[in-house]
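Content type mmCIF, C-alpha atoms, from the file structure.cif:
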```cif
data_target
#
loop_
_atom_site.label_atom_id
_atom_site.label_comp_id
_atom_site.auth_asym_id
_atom_site.auth_seq_id
_atom_site.Cartn_x
_atom_site.Cartn_y
_atom_site.Cartn_z
CA MET A 1 106.74 10.23 -11.21
CA ARG A 2 103.88 9.17 -13.43
CA ALA A 3 102.39 5.78 -12.67
CA ASN A 4 102.90 3.09 -15.26
CA PRO A 5 99.51 2.42 -16.99
CA ARG A 6 100.39 -1.23 -17.40
CA LYS A 7 101.06 -1.62 -13.70
CA ILE A 8 97.78 0.13 -12.87
CA ALA A 9 95.89 -2.13 -15.28
CA ALA A 10 97.56 -5.24 -13.88
CA ARG A 11 96.71 -4.11 -10.36
CA LEU A 12 93.08 -3.53 -11.30
CA VAL A 13 92.82 -6.96 -12.91
CA HIS A 14 94.37 -8.52 -9.82
CA VAL A 15 91.89 -6.75 -7.52
CA LEU A 16 88.98 -7.67 -9.80
CA ILE A 17 89.94 -11.35 -9.79
CA LEU A 18 90.27 -11.35 -6.00
CA PHE A 19 86.89 -9.63 -5.68
CA VAL A 20 85.16 -12.16 -7.94
CA PHE A 21 86.63 -15.14 -6.09
CA THR A 22 85.81 -13.59 -2.71
CA VAL A 23 82.18 -13.10 -3.70
CA LEU A 24 81.90 -16.62 -5.12
CA LEU A 25 83.43 -18.23 -2.04
CA ALA A 26 81.59 -16.09 0.51
CA PHE A 27 78.15 -16.31 -1.11
CA PRO A 28 77.35 -19.85 0.20
CA PHE A 29 77.94 -18.66 3.77
CA TYR A 30 75.91 -15.52 3.14
CA TRP A 31 73.04 -17.57 1.73
CA MET A 32 73.13 -19.99 4.69
CA VAL A 33 72.93 -17.07 7.13
CA VAL A 34 70.01 -15.49 5.28
CA ALA A 35 68.18 -18.79 4.83
CA THR A 36 68.57 -19.63 8.52
CA PHE A 37 66.28 -16.77 9.51
CA LYS A 38 63.87 -16.85 6.56
CA GLN A 39 60.27 -17.94 6.99
CA ASN A 40 59.13 -20.93 4.94
CA LEU A 41 56.94 -18.77 2.72
CA ASP A 42 59.87 -16.46 2.12
CA MET A 43 62.02 -19.45 1.14
CA TYR A 44 59.61 -21.02 -1.33
CA LYS A 45 58.38 -17.88 -3.08
CA MET A 46 60.74 -17.33 -6.00
CA ASP A 47 60.10 -13.59 -6.10
CA ASN A 48 61.58 -13.30 -2.60
CA ASN A 49 64.88 -15.04 -3.39
CA PRO A 50 67.81 -15.24 -3.36
CA PHE A 51 68.91 -12.11 -1.55
CA LEU A 52 67.29 -10.15 1.26
CA PHE A 53 64.38 -10.71 3.63
CA ASN A 54 60.90 -9.90 2.46
CA LEU A 55 59.01 -11.29 5.46
CA PRO A 56 60.21 -10.63 9.01
CA PRO A 57 63.11 -12.92 10.16
CA THR A 58 62.23 -15.83 12.45
CA LEU A 59 63.98 -18.01 15.01
CA ALA A 60 61.61 -20.94 14.43
CA ASN A 61 64.17 -22.70 12.26
CA LEU A 62 66.77 -22.69 15.03
CA HIS A 63 64.14 -23.84 17.50
CA LEU A 64 63.33 -26.80 15.26
CA LEU A 65 67.01 -27.63 14.89
CA PHE A 66 67.97 -27.49 18.57
CA TYR A 67 64.77 -28.63 20.27
CA GLU A 68 63.16 -31.06 17.84
CA THR A 69 66.29 -32.90 16.70
CA ARG A 70 69.42 -34.13 18.46
CA TYR A 71 71.67 -31.74 16.60
CA VAL A 72 73.81 -30.86 19.62
CA ARG A 73 74.32 -34.57 20.30
CA TRP A 74 75.37 -35.12 16.69
CA LEU A 75 77.88 -32.31 16.94
CA GLY A 76 79.28 -33.84 20.14
CA ASN A 77 79.54 -37.26 18.49
CA THR A 78 81.38 -35.77 15.52
CA VAL A 79 83.84 -33.85 17.71
CA MET A 80 84.51 -36.90 19.89
CA VAL A 81 85.15 -39.22 16.95
CA GLY A 82 87.19 -36.53 15.17
CA VAL A 83 89.48 -35.94 18.15
CA ILE A 84 90.08 -39.66 18.71
CA VAL A 85 90.73 -40.35 15.02
CA VAL A 86 93.12 -37.38 14.81
CA ALA A 87 95.04 -38.72 17.82
CA ILE A 88 95.24 -42.23 16.35
CA THR A 89 96.28 -40.86 12.96
CA LEU A 90 99.11 -38.80 14.46
CA LEU A 91 100.32 -41.65 16.67
CA LEU A 92 100.55 -43.97 13.67
CA SER A 93 101.49 -41.69 10.79
CA VAL A 94 104.19 -39.51 12.37
CA PRO A 95 106.59 -42.32 13.42
CA ALA A 96 105.75 -44.36 10.30
CA ALA A 97 106.50 -41.45 7.97
CA TYR A 98 109.74 -40.68 9.78
CA ALA A 99 110.88 -44.31 9.65
CA LEU A 100 110.07 -44.62 5.94
CA THR A 101 111.87 -41.35 5.19
CA ARG A 102 115.05 -42.41 6.93
CA LEU A 103 115.18 -45.86 5.32
CA THR A 104 118.24 -46.23 3.11
CA GLY A 105 117.88 -46.80 -0.61
CA LYS A 106 114.61 -46.56 -2.49
CA TRP A 107 112.62 -48.93 -0.29
CA GLY A 108 111.34 -46.15 1.92
CA GLU A 109 109.93 -44.20 -1.01
CA ARG A 110 108.44 -47.33 -2.59
CA LEU A 111 106.77 -48.36 0.64
CA GLY A 112 105.45 -44.83 1.07
CA ILE A 113 103.90 -44.89 -2.40
CA ALA A 114 102.42 -48.33 -1.72
CA ILE A 115 100.83 -47.05 1.50
CA PHE A 116 99.47 -43.98 -0.29
CA LEU A 117 97.89 -46.18 -2.97
CA THR A 118 95.71 -47.75 -0.28
CA TYR A 119 94.20 -44.30 0.28
CA LEU A 120 93.07 -44.30 -3.36
CA VAL A 121 91.05 -47.50 -2.96
CA PRO A 122 87.33 -46.54 -3.21
CA PRO A 123 85.34 -46.93 0.03
CA THR A 124 82.87 -49.17 -1.81
CA LEU A 125 85.61 -51.79 -2.22
CA LEU A 126 86.61 -51.61 1.44
CA PHE A 127 83.03 -51.64 2.67
CA ILE A 128 82.59 -55.43 2.87
CA PRO A 129 85.85 -56.29 4.71
CA LEU A 130 85.43 -53.36 7.08
CA SER A 131 81.84 -54.39 7.76
CA ARG A 132 83.15 -57.81 8.70
CA VAL A 133 85.69 -56.27 11.06
CA VAL A 134 83.01 -54.14 12.73
CA ALA A 135 80.72 -57.18 13.09
CA VAL A 136 83.47 -59.39 14.56
CA LEU A 137 84.39 -56.69 17.10
CA GLY A 138 80.72 -56.21 18.01
CA LEU A 139 80.82 -52.47 17.29
CA GLN A 140 77.70 -52.16 15.12
CA ASP A 141 75.63 -49.08 16.03
CA SER A 142 78.53 -47.76 18.08
CA LEU A 143 80.68 -44.69 17.48
CA TRP A 144 83.71 -46.89 18.10
CA SER A 145 83.05 -48.58 14.77
CA LEU A 146 83.92 -45.29 13.07
CA VAL A 147 86.99 -44.87 15.27
CA VAL A 148 88.19 -48.25 13.97
CA VAL A 149 87.30 -47.61 10.32
CA TYR A 150 88.31 -44.00 9.69
CA PRO A 151 92.08 -44.43 10.27
CA SER A 152 92.10 -46.87 7.34
CA PHE A 153 91.99 -43.88 4.97
CA THR A 154 93.38 -41.05 7.12
CA VAL A 155 96.64 -42.79 8.07
CA PRO A 156 97.87 -43.65 4.52
CA PHE A 157 97.46 -40.10 3.21
CA SER A 158 98.97 -38.61 6.37
CA ILE A 159 102.03 -40.84 6.08
CA TRP A 160 102.56 -39.82 2.47
CA LEU A 161 102.13 -36.13 3.36
CA LEU A 162 104.50 -36.20 6.33
CA MET A 163 107.17 -38.08 4.39
CA ALA A 164 107.59 -35.00 2.18
CA PHE A 165 108.17 -32.88 5.29
CA PHE A 166 110.68 -35.21 6.85
CA LYS A 167 112.59 -35.48 3.56
CA SER A 168 113.01 -31.70 3.54
CA ILE A 169 114.78 -31.83 6.93
CA PRO A 170 118.54 -32.40 6.52
CA LYS A 171 119.90 -35.46 8.30
CA GLU A 172 122.82 -33.33 9.44
CA LEU A 173 120.57 -31.56 11.95
CA GLU A 174 119.76 -34.84 13.66
CA ASP A 175 123.39 -35.95 13.52
CA ALA A 176 124.47 -32.70 15.17
CA ALA A 177 121.82 -33.11 17.86
CA MET A 178 122.99 -36.66 18.60
CA VAL A 179 126.60 -35.47 18.75
CA ASP A 180 125.45 -33.00 21.41
CA GLY A 181 124.13 -35.90 23.49
CA LEU A 182 120.57 -36.49 22.31
CA THR A 183 119.35 -39.94 21.44
CA ARG A 184 117.67 -40.69 18.11
CA LEU A 185 114.28 -40.38 19.84
CA GLY A 186 115.33 -37.14 21.52
CA ALA A 187 116.50 -35.66 18.22
CA PHE A 188 113.22 -36.69 16.64
CA LEU A 189 111.11 -35.10 19.39
CA LYS A 190 113.18 -31.94 19.89
CA MET A 191 114.40 -31.26 16.36
CA VAL A 192 112.20 -32.92 13.76
CA ILE A 193 108.76 -32.45 15.31
CA PRO A 194 109.06 -28.65 15.90
CA ILE A 195 110.28 -28.14 12.33
CA SER A 196 107.37 -30.21 10.98
CA VAL A 197 104.57 -28.29 12.73
CA SER A 198 103.10 -27.17 9.38
CA GLY A 199 102.80 -30.76 8.19
CA ILE A 200 101.30 -31.95 11.47
CA LEU A 201 98.71 -29.14 11.45
CA THR A 202 97.83 -30.06 7.88
CA VAL A 203 97.29 -33.66 8.95
CA ILE A 204 95.07 -32.56 11.85
CA ILE A 205 92.88 -30.32 9.68
CA PHE A 206 92.70 -32.85 6.85
CA THR A 207 91.78 -35.71 9.18
CA PHE A 208 89.13 -33.78 11.09
CA THR A 209 87.60 -32.52 7.85
CA LEU A 210 87.37 -36.07 6.49
CA VAL A 211 85.65 -37.25 9.66
CA THR A 212 83.03 -34.50 9.49
CA GLN A 213 82.32 -35.04 5.78
CA GLU A 214 82.35 -38.84 5.57
CA PHE A 215 78.91 -40.26 4.87
CA VAL A 216 78.95 -43.88 3.66
CA TYR A 217 80.43 -45.61 6.71
CA ALA A 218 78.62 -43.38 9.21
CA LEU A 219 75.29 -44.13 7.53
CA THR A 220 75.92 -47.87 7.28
CA PHE A 221 77.43 -48.71 10.63
CA ILE A 222 75.21 -46.54 12.85
CA SER A 223 71.40 -46.63 13.02
CA PRO A 224 70.28 -45.09 16.37
CA GLU A 225 69.45 -41.40 16.15
CA ALA A 226 71.41 -40.56 19.29
CA HIS A 227 74.64 -42.02 17.85
CA GLN A 228 74.54 -40.30 14.47
CA MET A 229 77.31 -38.12 13.12
CA VAL A 230 76.35 -34.60 12.09
CA GLY A 231 76.88 -35.31 8.39
CA VAL A 232 74.32 -38.13 8.49
CA GLY A 233 71.86 -36.83 11.06
CA ILE A 234 71.20 -33.55 9.23
CA PRO A 235 69.94 -34.99 5.90
CA ILE A 236 68.13 -37.94 7.51
CA PHE A 237 66.14 -36.19 10.21
CA LEU A 238 65.59 -32.81 8.52
CA VAL A 239 64.18 -34.41 5.40
CA ARG A 240 60.89 -36.08 6.35
CA GLY A 241 59.29 -37.76 3.40
CA ASP A 242 58.86 -35.10 0.75
CA VAL A 243 59.17 -32.25 3.28
CA TYR A 244 62.52 -30.46 3.29
CA TYR A 245 63.23 -28.15 6.22
CA TRP A 246 65.53 -25.99 4.12
CA SER A 247 66.06 -23.20 6.63
CA SER A 248 66.94 -25.60 9.43
CA LEU A 249 69.20 -27.51 7.02
CA MET A 250 71.01 -24.29 6.17
CA ALA A 251 71.37 -23.43 9.86
CA ALA A 252 72.77 -26.88 10.65
CA CYS A 253 75.26 -26.71 7.78
CA LEU A 254 76.35 -23.20 8.74
CA ILE A 255 77.01 -24.06 12.39
CA ALA A 256 78.91 -27.23 11.45
CA SER A 257 81.02 -25.61 8.74
CA LEU A 258 82.04 -22.37 10.45
CA PRO A 259 84.60 -23.90 12.89
CA ILE A 260 86.33 -25.76 10.06
CA ALA A 261 86.32 -22.65 7.86
CA LEU A 262 87.87 -20.64 10.71
CA LEU A 263 90.55 -23.31 11.22
CA TYR A 264 91.45 -23.22 7.54
CA ASN A 265 91.74 -19.43 7.60
CA ILE A 266 93.71 -19.23 10.86
CA PHE A 267 96.27 -21.80 9.70
CA LEU A 268 96.05 -21.02 5.98
CA ASP A 269 99.77 -20.34 5.51
CA ARG A 270 100.81 -23.48 7.33
CA PHE A 271 98.15 -25.50 5.50
CA ILE A 272 99.47 -24.35 2.11
CA ALA A 273 103.00 -25.10 3.23
CA GLY A 274 101.89 -28.56 4.29
CA PHE A 275 100.65 -29.41 0.80
CA THR A 276 103.34 -27.64 -1.22
CA VAL A 277 106.48 -28.66 0.67
CA GLY A 278 109.04 -30.05 -1.70
CA ALA A 279 107.29 -28.62 -4.74
CA VAL A 280 109.88 -25.86 -5.08
CA LYS A 281 113.53 -26.47 -4.45
#
```

What's the structure tokens form of this structure?
Amino acid sequence: MRANPRKIAARLVHVLILFVFTVLLAFPFYWMVVATFKQNLDMYKMDNNPFLFNLPPTLANLHLLFYETRYVRWLGNTVMVGVIVVAITLLLSVPAAYALTRLTGKWGERLGIAIFLTYLVPPTLLFIPLSRVVAVLGLQDSLWSLVVVYPSFTVPFSIWLLMAFFKSIPKELEDAAMVDGLTRLGAFLKMVIPISVSGILTVIIFTFTLVTQEFVYALTFISPEAHQMVGVGIPIFLVRGDVYYWSSLMAACLIASLPIALLYNIFLDRFIAGFTVGAVK
């Protein structure tokens, strides 16, 4: 059988589009890898950029990053705060979303929308009241200030996201489980939670990504170098006056972004399902 020219053309266009998007999305990581090992002269000479090495690669940029800054400490601070905030977000958002979903009438949906609207409030408007909370609790210059502040914008969005998942689960499944002897809590833990794994993973990735990328609160509430988050420590201590340590900056960004990029790719299908649930009936 002869191949249909239209199908071949459509296939070629599809492959071409995928190739273009792959190159565009992969190029930042490629450039960070190349820039990490470039010498300063190789970085600043326009004739030598943006592709391959012209001068021999060097490890001096990594030495500056790991031995002349507290980069490892910043990474540890970010992971610690991220894990704690993720745990708090799940503990608050999962039961809240389930309760709002199972409320009778339209009150559950209205309350869910009202909670989501708080996520849309700009951080600049919340800055003053949250600063007051941090000052009253005596958490200034402490990582615990971020643990207190970050759930204020991770919990509302997570509740709204999980409500869509819980709405897609028929009540009859829980009723059947309770007929078989499970309590409401048992049905929730053994029936609802396993079905909602995609939504929970989406919440975890979303929350951890927000923690690593947030800048305003981390910059304002924490001053000591040893307590900085990675998103604040990198631009502050690798930019000294009018001197930019571009290669070390690229190395720091690459190391910090690779784990998150891997998480997104490993759980890509579940992540897409987490954001598109309920979009198609």

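Straight-line separation from atom CA of Phe208 of chain A to atom CA of Val86 of chain A: 6.5 Å.
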
task: Taking the file above as input, evaluate the PyMOL selection byres ((chain A and resi 40) around 10) and report the hits as a ChimeraX atom specification.
output: /A:35,37-39,41-45,55,58,60-61,245-247

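We find atom CA of Val155 of chain A and atom CA of Thr89 of chain A to be spaced 5.3 Å apart.
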
- prompt: What lies within 7 Å of Ala251 of chain A using all atoms listed in the file, ignoring chain neighbours under 2 positions off, as a list in words?
  reply: Met32, Thr36, Leu62, Ser247, Ser248, Leu249, Cys253, Leu254 and Ile255 of chain A

Please produce a file of those selected residues containing C-alpha atoms, as a compact mmCIF listing (two decimals), in the coordinates of the input.
```txt
# COMPACT_ATOMS: atom_id res chain seq x y z
CA MET A 32 73.13 -19.99 4.69
CA THR A 36 68.57 -19.63 8.52
CA LEU A 62 66.77 -22.69 15.03
CA SER A 247 66.06 -23.20 6.63
CA SER A 248 66.94 -25.60 9.43
CA LEU A 249 69.20 -27.51 7.02
CA CYS A 253 75.26 -26.71 7.78
CA LEU A 254 76.35 -23.20 8.74
CA ILE A 255 77.01 -24.06 12.39
```

Leu91 of chain A: which residues within 12 Å, counting all atoms listed in the file, same-chain residues fewer than 3 positions away excluded, as a PDB file with C-alpha atoms, in the frame of the given file?
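Now in result08.pdb:
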```pdb
ATOM      1  CA  ILE A  84      90.080 -39.660  18.710  1.00  0.00           C
ATOM      2  CA  VAL A  85      90.730 -40.350  15.020  1.00  0.00           C
ATOM      3  CA  VAL A  86      93.120 -37.380  14.810  1.00  0.00           C
ATOM      4  CA  ALA A  87      95.040 -38.720  17.820  1.00  0.00           C
ATOM      5  CA  ILE A  88      95.240 -42.230  16.350  1.00  0.00           C
ATOM      6  CA  VAL A  94     104.190 -39.510  12.370  1.00  0.00           C
ATOM      7  CA  PRO A  95     106.590 -42.320  13.420  1.00  0.00           C
ATOM      8  CA  ALA A  96     105.750 -44.360  10.300  1.00  0.00           C
ATOM      9  CA  ALA A  97     106.500 -41.450   7.970  1.00  0.00           C
ATOM     10  CA  TYR A  98     109.740 -40.680   9.780  1.00  0.00           C
ATOM     11  CA  PRO A 151      92.080 -44.430  10.270  1.00  0.00           C
ATOM     12  CA  THR A 154      93.380 -41.050   7.120  1.00  0.00           C
ATOM     13  CA  VAL A 155      96.640 -42.790   8.070  1.00  0.00           C
ATOM     14  CA  SER A 158      98.970 -38.610   6.370  1.00  0.00           C
ATOM     15  CA  ILE A 159     102.030 -40.840   6.080  1.00  0.00           C
ATOM     16  CA  ILE A 200     101.300 -31.950  11.470  1.00  0.00           C
ATOM     17  CA  VAL A 203      97.290 -33.660   8.950  1.00  0.00           C
ATOM     18  CA  ILE A 204      95.070 -32.560  11.850  1.00  0.00           C
TER      19      ILE A 204
END
```

- request: Identify which of the residues A:Asp180, A:Val149, A:Gly112, A:Met191 lies closest to Ala164 of chain A, counting only C-alpha atoms when measuring atom-to-atom distances.
  value: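 Among the listed residues, A:Gly112 lies closest to Ala164 of chain A.
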
field: Shortest interatomic distance to Ala226 of chain A - which of A:Phe21, A:Trp107, A:Tyr264, A:Trp74, counting only C-alpha atoms
entry: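 Of the candidates, the smallest distance to Ala226 of chain A is held by A:Trp74.
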
- prompt: the PyMOL selection byres ((chain A and resi 127) around 12) on the file shown: which residues, as number ranges by chain?
  reply: A: 121-126, 128-134, 149-150, 152, 216-221

message: Ranking A:Tyr244, A:Phe116, A:Tyr71, A:Phe166 by minimum distance to Met229 of chain A and counting only C-alpha atoms, which one comes first?
response: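 Closest candidate: A:Tyr71.
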
- request: Take the point (77.2, -34.8, 8.8) in the file's coordinates, draw a sphere of radius 10 Å around it, and report as a list in words every protein, DNA or RNA residue with an atom inside or on it, counting only C-alpha atoms.
  value: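 So the residues meeting the distance criterion are Trp74, Leu75, Thr78, Val211, Thr212, Gln213, Glu214, Phe215, Ala218, Leu219, Gln228, Met229, Val230, Gly231, Val232, Gly233, Ile234, Pro235, Ile236, Ala252, Cys253, Ala256 and Ser257 of chain A.
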